[in-house]
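Enquirer: Here you go, run_0.txt (compact mmCIF, C-alpha atoms and all ligand atoms):
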```
# COMPACT_ATOMS: atom_id res chain seq x y z
CA MET A 1383 -1.45 -9.72 17.13
CA ASP A 1384 -3.76 -12.66 17.78
CA ASP A 1385 -4.19 -11.95 21.47
CA ARG A 1386 -6.16 -8.79 21.85
CA ASP A 1387 -9.66 -7.54 22.41
CA GLY A 1388 -11.79 -6.41 19.53
CA VAL A 1389 -13.52 -7.94 16.56
CA ILE A 1390 -12.68 -9.02 13.03
CA TRP A 1391 -15.22 -9.22 10.23
CA PHE A 1392 -15.02 -12.82 9.00
CA ASP A 1393 -17.30 -14.15 6.27
CA GLY A 1394 -20.13 -11.81 7.03
CA GLU A 1395 -19.99 -11.74 10.82
CA MET A 1396 -18.09 -9.88 13.50
CA VAL A 1397 -16.01 -12.49 15.32
CA PRO A 1398 -14.07 -11.89 18.58
CA TRP A 1399 -10.41 -11.13 17.66
CA ARG A 1400 -9.00 -14.23 19.38
CA GLU A 1401 -11.51 -16.51 17.66
CA ALA A 1402 -10.89 -15.33 14.09
CA ARG A 1403 -8.97 -18.49 13.23
CA THR A 1404 -8.47 -20.68 10.19
CA HIS A 1405 -7.24 -24.25 9.63
CA VAL A 1406 -3.56 -25.11 9.07
CA LEU A 1407 -4.55 -26.61 5.73
CA THR A 1408 -5.86 -23.25 4.53
CA HIS A 1409 -4.96 -23.33 0.86
CA THR A 1410 -3.68 -19.74 0.67
CA LEU A 1411 -1.28 -20.42 3.55
CA HIS A 1412 0.36 -23.10 1.40
CA TYR A 1413 0.53 -21.42 -1.98
CA GLY A 1414 -0.01 -17.70 -1.44
CA MET A 1415 -2.98 -17.39 -3.80
CA GLY A 1416 -5.01 -14.68 -2.12
CA VAL A 1417 -5.65 -10.97 -2.46
CA PHE A 1418 -5.66 -8.18 0.05
CA GLU A 1419 -5.75 -4.44 0.62
CA GLY A 1420 -4.12 -1.99 2.96
CA VAL A 1421 -6.40 0.91 3.81
CA ARG A 1422 -6.16 3.71 6.36
CA ALA A 1423 -8.78 5.50 8.40
CA TYR A 1424 -7.82 8.88 9.84
CA ASN A 1425 -9.04 10.87 12.78
CA ALA A 1426 -10.25 13.65 10.50
CA ASP A 1427 -11.56 16.98 11.70
CA LYS A 1428 -15.20 15.91 11.34
CA GLY A 1429 -14.72 12.38 12.67
CA THR A 1430 -12.99 9.15 11.74
CA ALA A 1431 -12.93 8.67 7.98
CA ILE A 1432 -11.61 5.91 5.72
CA PHE A 1433 -9.50 7.33 2.89
CA ARG A 1434 -10.48 6.34 -0.65
CA LEU A 1435 -12.46 3.33 0.56
CA GLN A 1436 -14.22 2.70 -2.74
CA ASP A 1437 -10.93 2.80 -4.67
CA HIS A 1438 -9.38 0.22 -2.36
CA THR A 1439 -12.42 -2.03 -2.62
CA ASP A 1440 -12.37 -1.68 -6.40
CA ARG A 1441 -8.70 -2.71 -6.47
CA LEU A 1442 -9.42 -5.70 -4.20
CA PHE A 1443 -12.03 -6.89 -6.68
CA ARG A 1444 -9.70 -6.28 -9.63
CA SER A 1445 -6.98 -8.30 -7.86
CA ALA A 1446 -9.46 -11.15 -7.31
CA HIS A 1447 -10.53 -10.97 -10.95
CA ILE A 1448 -6.91 -11.24 -12.10
CA LEU A 1449 -6.42 -14.34 -9.93
CA ASN A 1450 -9.74 -15.76 -11.13
CA MET A 1451 -10.97 -15.83 -7.56
CA PRO A 1452 -14.75 -15.46 -7.25
CA MET A 1453 -15.61 -12.87 -4.60
CA PRO A 1454 -18.45 -14.18 -2.42
CA TYR A 1455 -19.62 -10.69 -1.38
CA ASP A 1456 -20.42 -7.57 -3.32
CA LYS A 1457 -18.48 -4.33 -3.02
CA ALA A 1458 -21.11 -2.64 -0.85
CA THR A 1459 -20.79 -5.44 1.71
CA ILE A 1460 -16.98 -5.16 1.79
CA ASN A 1461 -17.22 -1.38 2.17
CA GLU A 1462 -19.64 -1.78 5.04
CA ALA A 1463 -17.42 -4.45 6.64
CA GLN A 1464 -14.54 -1.95 6.63
CA ARG A 1465 -16.65 0.81 8.11
CA ALA A 1466 -17.89 -1.56 10.81
CA ALA A 1467 -14.40 -2.93 11.56
CA VAL A 1468 -13.20 0.58 12.45
CA ALA A 1469 -16.37 1.60 14.29
CA GLU A 1470 -16.90 -1.59 16.28
CA ASN A 1471 -13.28 -1.67 17.43
CA GLY A 1472 -13.73 1.88 18.71
CA LEU A 1473 -10.77 3.12 16.66
CA GLU A 1474 -10.19 6.82 15.98
CA SER A 1475 -7.60 6.05 13.33
CA ALA A 1476 -6.75 2.66 11.88
CA TYR A 1477 -5.01 0.52 9.34
CA LEU A 1478 -7.44 -1.87 7.69
CA ARG A 1479 -6.66 -5.21 6.18
CA PRO A 1480 -9.33 -6.74 3.94
CA MET A 1481 -8.22 -10.09 2.53
CA ALA A 1482 -9.80 -12.83 0.42
CA PHE A 1483 -8.29 -16.30 0.66
CA TYR A 1484 -9.03 -19.89 -0.20
CA GLY A 1485 -10.17 -22.25 2.56
CA SER A 1486 -9.05 -25.76 3.52
CA GLU A 1487 -11.63 -27.64 1.49
CA GLY A 1488 -8.95 -29.13 -0.73
CA MET A 1489 -5.19 -29.27 -1.23
CA GLY A 1490 -2.94 -29.39 -4.25
CA LEU A 1491 -2.65 -26.93 -7.07
CA ARG A 1492 -5.58 -28.44 -8.88
CA ALA A 1493 -8.08 -28.02 -6.02
CA ASP A 1494 -11.31 -26.85 -7.60
CA ASN A 1495 -13.65 -27.11 -4.66
CA LEU A 1496 -12.20 -24.23 -2.67
CA LYS A 1497 -14.32 -21.71 -0.86
CA VAL A 1498 -13.27 -18.07 -0.86
CA HIS A 1499 -13.25 -16.53 2.60
CA VAL A 1500 -13.04 -12.83 3.36
CA ILE A 1501 -11.81 -11.03 6.45
CA VAL A 1502 -11.50 -7.39 7.39
CA ALA A 1503 -9.34 -6.53 10.40
CA ALA A 1504 -8.57 -3.04 11.72
CA TRP A 1505 -6.01 -1.86 14.25
CA SER A 1506 -4.02 1.22 15.23
CA TRP A 1507 -0.84 1.74 13.27
CA GLY A 1508 1.38 4.83 13.36
CA SER A 1509 3.85 6.01 10.71
CA TYR A 1510 5.08 2.98 8.80
CA LEU A 1511 8.60 4.29 8.23
CA GLY A 1512 8.86 6.22 11.50
CA LYS A 1513 8.08 9.78 12.49
CA GLU A 1514 11.68 10.88 12.05
CA GLY A 1515 11.74 9.45 8.52
CA MET A 1516 8.66 11.52 7.65
CA GLU A 1517 10.51 14.72 8.53
CA LYS A 1518 14.13 14.01 7.72
CA GLY A 1519 13.75 11.46 4.95
CA ILE A 1520 14.83 7.84 4.83
CA ARG A 1521 17.85 6.00 3.46
CA ILE A 1522 17.23 3.34 0.84
CA ARG A 1523 19.26 0.96 -1.26
CA THR A 1524 18.79 -0.66 -4.63
CA SER A 1525 17.70 -4.21 -4.01
CA SER A 1526 19.55 -7.24 -5.28
CA TYR A 1527 16.07 -8.73 -5.82
CA THR A 1528 14.35 -7.90 -9.11
CA ARG A 1529 10.71 -6.81 -9.00
CA HIS A 1530 8.20 -9.25 -10.44
CA HIS A 1531 8.15 -9.66 -14.16
CA VAL A 1532 4.71 -9.04 -15.62
CA ASN A 1533 4.47 -12.59 -16.87
CA ILE A 1534 5.65 -14.26 -13.68
CA THR A 1535 3.24 -12.86 -11.16
CA MET A 1536 0.53 -10.41 -11.97
CA CYS A 1537 1.73 -6.95 -10.98
CA LYS A 1538 -1.72 -5.32 -11.13
CA ALA A 1539 -2.95 -7.70 -8.43
CA LYS A 1540 -2.25 -7.00 -4.79
CA ALA A 1541 -1.77 -10.71 -4.27
CA ASN A 1542 -0.47 -12.33 -1.10
CA GLY A 1543 2.24 -14.35 -2.84
CA ASN A 1544 3.69 -11.25 -4.52
CA TYR A 1545 4.88 -10.08 -1.13
CA MET A 1546 7.55 -12.76 -0.80
CA ASN A 1547 9.58 -10.63 -3.20
CA SER A 1548 8.84 -7.50 -1.15
CA MET A 1549 9.84 -9.14 2.11
CA LEU A 1550 13.11 -10.49 0.75
CA ALA A 1551 13.99 -7.04 -0.53
CA LEU A 1552 13.01 -5.30 2.70
CA GLN A 1553 14.84 -7.81 4.89
CA GLU A 1554 17.98 -7.30 2.83
CA ALA A 1555 17.72 -3.51 3.03
CA LEU A 1556 17.18 -3.57 6.80
CA ALA A 1557 20.01 -6.06 7.36
CA CYS A 1558 22.33 -3.73 5.45
CA GLY A 1559 21.32 -0.79 7.65
CA TYR A 1560 18.87 0.97 5.31
CA ASP A 1561 15.24 1.85 5.90
CA GLU A 1562 13.70 0.52 2.68
CA ALA A 1563 14.53 -1.13 -0.63
CA MET A 1564 14.23 0.25 -4.15
CA LEU A 1565 13.41 -2.57 -6.56
CA LEU A 1566 14.33 -2.51 -10.23
CA ASP A 1567 12.31 -4.30 -12.89
CA ASN A 1568 13.71 -7.16 -14.93
CA GLU A 1569 15.11 -4.71 -17.45
CA GLY A 1570 16.93 -2.73 -14.77
CA TYR A 1571 14.58 0.26 -14.52
CA VAL A 1572 13.24 1.56 -11.22
CA ALA A 1573 9.94 -0.11 -10.32
CA GLU A 1574 8.93 0.69 -6.72
CA GLY A 1575 9.68 0.12 -3.04
CA SER A 1576 8.75 -3.07 -1.21
CA GLY A 1577 5.35 -1.56 -0.41
CA GLU A 1578 5.44 1.91 -1.95
CA ASN A 1579 5.47 3.70 -5.29
CA ILE A 1580 8.39 6.00 -5.94
CA PHE A 1581 8.64 9.57 -7.24
CA ILE A 1582 11.65 11.70 -8.09
CA ILE A 1583 11.77 15.44 -8.74
CA ARG A 1584 14.24 17.19 -11.00
CA ASN A 1585 14.20 20.82 -12.13
CA GLY A 1586 10.68 21.26 -10.78
CA VAL A 1587 9.19 18.30 -12.66
CA ILE A 1588 7.99 15.15 -10.91
CA TYR A 1589 8.72 11.77 -12.49
CA THR A 1590 7.37 8.37 -11.53
CA PRO A 1591 7.80 4.96 -13.17
CA ASP A 1592 5.01 3.74 -15.40
CA LEU A 1593 2.88 0.95 -14.01
CA THR A 1594 4.25 -1.97 -15.99
CA SER A 1595 5.62 -3.77 -12.96
CA ALA A 1596 4.60 -1.49 -10.08
CA LEU A 1597 1.31 -1.63 -8.23
CA GLU A 1598 -1.36 0.91 -9.24
CA GLY A 1599 -1.00 2.80 -5.99
CA ILE A 1600 -3.95 4.77 -4.73
CA THR A 1601 -1.62 7.15 -2.88
CA ARG A 1602 0.32 7.54 -6.14
CA ASP A 1603 -2.87 8.57 -7.86
CA THR A 1604 -3.65 10.99 -5.02
CA ILE A 1605 -0.20 12.58 -5.40
CA VAL A 1606 -0.64 12.95 -9.15
CA GLN A 1607 -3.91 14.79 -8.54
CA LEU A 1608 -2.50 16.99 -5.75
CA ALA A 1609 0.53 17.92 -7.89
CA ALA A 1610 -1.81 18.94 -10.73
CA GLU A 1611 -3.65 21.23 -8.32
CA ILE A 1612 -0.46 23.15 -7.56
CA GLY A 1613 0.62 23.19 -11.18
CA VAL A 1614 3.56 20.80 -10.83
CA GLU A 1615 3.84 18.49 -13.80
CA VAL A 1616 4.04 14.71 -13.21
CA ARG A 1617 5.57 12.65 -16.00
CA GLU A 1618 5.35 8.87 -16.10
CA LYS A 1619 8.46 7.37 -17.60
CA ARG A 1620 11.09 4.71 -17.28
CA ILE A 1621 13.56 5.81 -14.64
CA THR A 1622 17.11 4.54 -14.21
CA ARG A 1623 18.75 4.18 -10.83
CA ASP A 1624 21.26 6.89 -11.64
CA GLU A 1625 18.39 9.28 -12.38
CA VAL A 1626 17.41 8.75 -8.76
CA TYR A 1627 21.01 9.51 -7.71
CA ILE A 1628 20.91 12.90 -9.43
CA ALA A 1629 17.34 13.84 -8.51
CA ASP A 1630 16.76 17.02 -6.49
CA GLU A 1631 14.17 15.24 -4.35
CA ALA A 1632 12.60 11.81 -4.04
CA PHE A 1633 9.80 10.26 -2.03
CA PHE A 1634 7.79 7.10 -1.56
CA SER A 1635 3.99 6.97 -1.53
CA GLY A 1636 1.73 4.33 -0.08
CA THR A 1637 -1.20 3.87 2.22
CA ALA A 1638 1.07 2.65 5.02
CA ALA A 1639 4.08 4.84 4.12
CA GLU A 1640 1.88 7.86 3.25
CA VAL A 1641 4.35 10.37 1.75
CA THR A 1642 7.86 9.50 2.97
CA PRO A 1643 10.80 11.60 1.78
CA ILE A 1644 13.93 9.76 0.63
CA ARG A 1645 17.16 11.51 1.58
CA GLU A 1646 19.71 8.99 0.42
CA VAL A 1647 19.93 6.13 -2.07
CA ASP A 1648 22.89 3.73 -2.33
CA ASN A 1649 24.92 6.02 -0.02
CA ARG A 1650 24.42 9.06 -2.25
CA ALA A 1651 22.58 12.07 -0.88
CA ILE A 1652 19.55 13.07 -2.90
CA GLY A 1653 19.60 16.83 -3.46
CA GLU A 1654 20.43 18.47 -0.15
CA GLY A 1655 20.12 15.17 1.68
CA ARG A 1656 16.88 16.11 3.39
CA ARG A 1657 13.17 16.44 2.67
CA GLY A 1658 12.85 18.70 -0.36
CA PRO A 1659 10.41 21.62 -0.70
CA ILE A 1660 8.04 20.05 -3.27
CA THR A 1661 7.98 16.80 -1.28
CA GLU A 1662 7.18 18.75 1.87
CA ARG A 1663 4.37 20.64 0.14
CA LEU A 1664 2.80 17.45 -1.26
CA GLN A 1665 3.24 15.67 2.06
CA SER A 1666 1.40 18.40 3.90
CA MET A 1667 -1.33 18.55 1.24
CA TYR A 1668 -1.69 14.78 1.57
CA PHE A 1669 -2.15 14.97 5.34
CA ASP A 1670 -4.61 17.86 4.96
CA GLN A 1671 -6.51 15.77 2.43
CA VAL A 1672 -6.77 12.62 4.57
CA LEU A 1673 -7.70 14.71 7.62
CA GLY A 1674 -10.55 16.39 5.75
CA ARG A 1675 -8.92 19.86 5.80
CA ARG A 1676 -9.25 20.51 2.07
CA ASP A 1677 -12.33 21.30 0.02
CA SER A 1678 -11.39 19.18 -2.96
CA HIS A 1679 -12.39 15.50 -3.20
CA PRO A 1680 -14.81 15.17 -0.28
CA GLU A 1681 -15.80 11.85 -1.91
CA TRP A 1682 -12.43 10.41 -0.85
CA LEU A 1683 -13.48 10.38 2.82
CA THR A 1684 -15.99 7.85 4.17
CA TYR A 1685 -16.98 8.68 7.73
CA VAL A 1686 -17.38 5.58 9.86
CA ARG A 1687 -19.86 6.82 12.43
N1 LIG B 1701 3.52 -0.88 -4.30
C1 LIG B 1701 3.39 -1.96 -3.52
C2 LIG B 1701 4.15 -3.18 -3.83
C3 LIG B 1701 2.54 -1.93 -2.41
O1 LIG B 1701 2.41 -2.99 -1.62
C4 LIG B 1701 1.83 -0.74 -2.11
C5 LIG B 1701 0.94 -0.68 -0.91
N2 LIG B 1701 -0.34 -1.15 -1.21
C6 LIG B 1701 2.00 0.36 -2.96
C7 LIG B 1701 2.86 0.25 -4.04
C8 LIG B 1701 1.26 1.63 -2.72
O2 LIG B 1701 -0.12 1.47 -2.97
P1 LIG B 1701 -1.21 2.31 -2.21
O3 LIG B 1701 -0.82 3.73 -2.36
O4 LIG B 1701 -2.48 1.99 -2.91
O5 LIG B 1701 -1.21 1.87 -0.81
```
Give the structure from this file in structure tokens form.

Expert:
Amino acid sequence: MDDRDGVIWFDGEMVPWREARTHVLTHTLHYGMGVFEGVRAYNADKGTAIFRLQDHTDRLFRSAHILNMPMPYDKATINEAQRAAVAENGLESAYLRPMAFYGSEGMGLRADNLKVHVIVAAWSWGSYLGKEGMEKGIRIRTSSYTRHHVNITMCKAKANGNYMNSMLALQEALACGYDEAMLLDNEGYVAEGSGENIFIIRNGVIYTPDLTSALEGITRDTIVQLAAEIGVEVREKRITRDEVYIADEAFFSGTAAEVTPIREVDNRAIGEGRRGPITERLQSMYFDQVLGRRDSHPEWLTYVR
């Protein structure tokens, strides 16, 4: 990852990829107090476009606000940095990683002289959960790790340190032969995947957990809006793991995971054990949307060139 051509936007300048370095005493490396985003740019019909750029930038700033981290740049600058990171790396499609982190000006939890640094990197990244998973659906298992409690870490923040929990859950799922983890909240209700929101469908109605301990996913919001367009109701509610077992269909949503069908949970087939019809419809609407093939929401696409 660190040895490649290209550039990374680093504190206001484009820096050669190999030179975008930071000190080993970088505060965020030690304690995980940082915020980031995961954004995708697609090779849309009319050119490369970043999907819901403003919404991702807004969430980055909300995450920083929650952590009390002063952002040294305004939103317009961070938007432009993302556009430039895709364009200047000559990418047709990309995954983008904006991140704000504390520097190495001080150590210890009390450090009050820390500078906030911001980077934006962009690289090519295919389907996060594999092409086959997108068509056939993936197999998941309920994690033995509980999702963050709202008063332990801040669930509305996409904060670096929060991802220790995600990685433990994902590692466990992969080691047990599954593709992804389903995390329950501290009360035992379904929260989300390690990096995805979750939806289930039963008798033609879509259900998704409320956002108490799940991230406010931008793909989740996109799905809610697409479902409304085709007249399928989406209800937010607490969901138990056995409701997932008896669902007709289920899928994950996320910028990286896009819309990934779930065919099995805890060794129980969901519905017919393959991608369901409503999931397939929403998945194809989602891809049409990000590729600029739909008339609705042109404001969701920011062309980079
Ligand atoms: N939950 C978690 C924990 C995530 O990391 C992500 C990915 N950002 C999501 C949900 C989905 O969010 P989005 O659709 O905005 O990518």

Enquirer: Please determine an axis-aligned box that encloses all atoms of ligand LIG 1701 (chain B) listed in the file, with 5 Å added on each side, and express its centre and edge lengths in Å to one decimal as JSON.

Expert:
```
{"center_x": 0.8, "center_y": 0.3, "center_z": -2.6, "size_x": 16.6, "size_y": 16.9, "size_z": 13.5}
```

Enquirer: Go through A:Asp1603, A:Asp1437, A:Asp1427, A:Asp1393 and flag the residue nearest Ala1463 of chain A, using all atoms listed in the file for the distances.

Expert: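 When distances to Ala1463 of chain A are compared using all atoms listed in the file, the smallest one comes from A:Asp1393.
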
Enquirer: Which of these residues is nearest to Asp1494 of chain A, using only C-alpha atoms: A:Thr1601, A:Ser1595, A:Ser1475, A:Asn1450?

Expert: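 Nearest to Asp1494 of chain A: A:Asn1450.
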
Enquirer: In Å, with one decimal, what is the gap from atom CA of Arg1444 of chain A to atom CA of Gly1416 of chain A?

Expert: 12.2 Å

Enquirer: What separation in Å, quoted to one decimal, exists between atom CA of Gly1674 of chain A and atom CA of Ile1600 of chain A?

Expert: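 Value for the atom CA of Gly1674 of chain A-atom CA of Ile1600 of chain A distance: 17.0 Å.
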
Enquirer: Between atom CA of Ile1580 of chain A and atom CA of Ser1635 of chain A, what is the distance in Å, rounded to a tenth?

Expert: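 Separating atom CA of Ile1580 of chain A from atom CA of Ser1635 of chain A is a distance of 6.3 Å.
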
Enquirer: Set the distance at 9 Å and use all atoms listed in the file: which residues neighbour segment 1521-1533 of chain A once local chain neighbours fewer than 5 positions away are removed? I'd like the list as a ChimeraX atom specification.

Expert: /A:1515,1538,1544,1547-1548,1550-1552,1554-1555,1558-1570,1572-1574,1576,1594-1596,1623,1644-1649,1651

Enquirer: Show me which residues sit within 8 Å of ligand LIG 1701 (chain B) when counting all atoms listed in the file, and put them as a ChimeraX atom specification.

Expert: /A:1419-1421,1438,1540,1545,1548,1574-1579,1596-1603,1635-1640

Enquirer: Could you check the closest approach to Met1415 of chain A for each of A:Asn1585, A:Arg1657, A:Ala1557, A:Ala1446 and tell me which residue wins, using only C-alpha atoms?

Expert: A:Ala1446

Enquirer: Around the point (-9.0, -10.9, 21.8), in the coordinates given by the file, pick out the residues reaching within 7 Å, counting all atoms listed in the file, and return them as a list in words.

Expert: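 Counting all atoms listed in the file, I find these residues within 7 Å of (-9.0, -10.9, 21.8): Asp1384, Asp1385, Arg1386, Asp1387, Gly1388, Pro1398, Trp1399 and Arg1400 of chain A.
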
Enquirer: Pick out the residues sitting within 10 Å of Ala1458 of chain A, and hand them over as a count of residues only; count all atoms listed in the file, and ignore anything fewer than 6 positions along from it in its own chain.

Expert: 3

Enquirer: Identify the residues within 12 Å of coordinate (-22.0, -11.2, -2.7) (same frame as the file), considering all atoms listed in the file, and give the answer as a list in words.

Expert: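 Checking each residue against the 12 Å limit leaves Asp1393, Gly1394, Phe1443, Pro1452, Met1453, Pro1454, Tyr1455, Asp1456, Lys1457, Ala1458, Thr1459, Ile1460, Asn1461, Val1498, His1499 and Val1500 of chain A.
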